[in-house]
Amino acid sequence: MGDETRATGGSATAVSGAPGEAPAAEEAPRSRPARSLSPSRAGDFLTCPLLYRFRVIDRLPEPPSPAAARGTLVHAVLEHLFDQPAAGRTPDAARSLVAPEWERLTAEEPGLAELFENAAERAAWLEGAGIMLDRYFELEDPRRIEPAHRELSVEAELASGLHLRGYIDRLDVAPGGEIRIVDYKTGTSPPEEFEARALFQMRFYALAIWRTRGQVPAMLQLIYLGNGEIVRYQPDESDLLATERKVEALWQAIERALRSGDWRPRPGRICEWCAHQAICPAFGGTPPPLPADLPASLAEVPGVAEEAPPSRPASPVPAAPG
């Protein structure tokens with residue numbers, strides 16, 4: 001599947017976002033499915049059950065980081081780059097979006113402005129985002145791409161009643177109807193022990209698309225802007241059936257952890273970036289007591305599958321559904 005793609009009309013139930021356009025910043029409140037799982041929260045549990053508990057059950061705050069903020073900024077610029085006519089999607093156009101998108105992000109989450117001690121430090125950080133955007137143009141020519149959707153909110157219900165929810169950075173549809181799912185990563189392509197998580201996330205999205213549209217995506221594409229590499233994977237039905245079984249088993253494992261209270265840490269390299277080392281038993285810490293009013297099922301936990309769009313700043317504490 002090459003770069004030449006076109007916009008396509010129509011979307012299946014549980015998939016939102018106008019063709020070729022990002023979803024509106026504010027959507028009307030709607031009831032959330034009782035049993036829901038997002039790729040981020042699924043990835044948290046696979047990485048470390050205790051991290052999942054801290055984020056979903058305890059809802060502990062996590063301070064913003066320069067790396068995460070840069071990822072949000074670069075996603076926002078790449079989303080809005082496609083608002084330009086094809087000929088206007090140039091490196092200069094992308095860089096011109098950095099300052100206004102940063103202003104928008106800091107207006108939405110003022111704490112981001114406190115990441116830097118002075119203007120020079122902030123300018124150097126913004127230049128780093130510009131370098132990542134320059135690298136994007138070495139990997140793709142956006143003048144030859146017309147996304148079907150950007151920041152597409154997807155929801156799918158499996159036969160068991162489990163709902164899958166998440167946001168796809170970009171969904172392309174070729175003239176022949178083939179679907180490509182694209183995800184931007186502002187880190188470097190991962191070593192082997194982290195690659196499985198990235199591919200699981202993409203298979204999660206592909207499963208949601210398959211179960212709503214009845215079509216297996218032809219290509220899953222991860223664009224690593226940290227070191228300028230693209231990872232491509234072509235799934236088939238057997239891949240997605242295996243992913244469906246894994247997702248169902250994962251939900252059952254999370255429910256068992258909730259019933260037993262056994263949220264074990266899983267030490268690894270990801271611990272270097274964890275905000276909760278001080279209260280992690282793996283580092284000599286003690287987790288806080290579990291909430292006294294903990295429900296019997298994850299279906300009753302507020303915000304269990306809440307996920308922010310990639311171009312919006314994440315809340316320090318996940319917001320409960322409205």
# chains A, B, ... in the order shown; residues from 1 in each chain; ligands from 1
$ closest_atom_pairs --of "stretch 37-117 of chain A" --to "stretch 279-292 of chain A" --cutoff "9 Å" --atoms "only C-alpha atoms" --output "tab-separated table"
residue	atom	partner	partner_atom	distance
A:Leu50	CA	A:Cys280	CA	8.1
A:Phe54	CA	A:Pro287	CA	8.6
A:Ile57	CA	A:Pro291	CA	7.8
A:Asp58	CA	A:Pro291	CA	7.0
$ residues_around --residues "stretch 46-48 of chain A" --least-positions-apart "2" --cutoff "9 Å" --atoms "only C-alpha atoms" --output "list in words"
Arg41, Ala42, Gly43, Asp44, Leu50, Leu51, Tyr52, Arg53, Arg197, Leu250, Trp263, Arg264, Pro265, Arg266, Pro267, Gly268 and Ile270 of chain A
$ write_last_selection --atoms "C-alpha atoms" --output "PDB file, in the first residue's frame"
ATOM      1  CA  ARG A  41      -4.801   0.715  29.876  1.00  0.00           C
ATOM      2  CA  ALA A  42      -4.342  -2.776  28.423  1.00  0.00           C
ATOM      3  CA  GLY A  43      -0.698  -1.916  27.810  1.00  0.00           C
ATOM      4  CA  ASP A  44      -0.353  -0.673  31.392  1.00  0.00           C
ATOM      5  CA  LEU A  50       0.629  -2.304  39.822  1.00  0.00           C
ATOM      6  CA  LEU A  51       0.978   0.573  37.361  1.00  0.00           C
ATOM      7  CA  TYR A  52      -2.527  -0.247  36.098  1.00  0.00           C
ATOM      8  CA  ARG A  53      -3.802  -0.131  39.673  1.00  0.00           C
ATOM      9  CA  ARG A 197       3.613  -3.739  23.237  1.00  0.00           C
ATOM     10  CA  LEU A 250      -6.432  -9.742  29.721  1.00  0.00           C
ATOM     11  CA  TRP A 263      -1.579  -6.042  41.881  1.00  0.00           C
ATOM     12  CA  ARG A 264       2.016  -7.193  41.612  1.00  0.00           C
ATOM     13  CA  PRO A 265       4.739  -4.936  40.237  1.00  0.00           C
ATOM     14  CA  ARG A 266       6.639  -6.186  37.226  1.00  0.00           C
ATOM     15  CA  PRO A 267      10.079  -4.536  37.353  1.00  0.00           C
ATOM     16  CA  GLY A 268      11.736  -3.741  34.049  1.00  0.00           C
ATOM     17  CA  ILE A 270      10.086   0.950  31.954  1.00  0.00           C
TER      18      ILE A 270
END
$ select_by_dssp --residues "stretch 161-273 of chain A" --states "helix (DSSP H, G or I)" --output "VMD selection string"
chain A and resid 192 to 213 237 to 260 269 to 273
$ atom_distance --atom1 "atom CA of A:Ser38" --atom2 "atom CA of A:Arg259"
20.4 Å
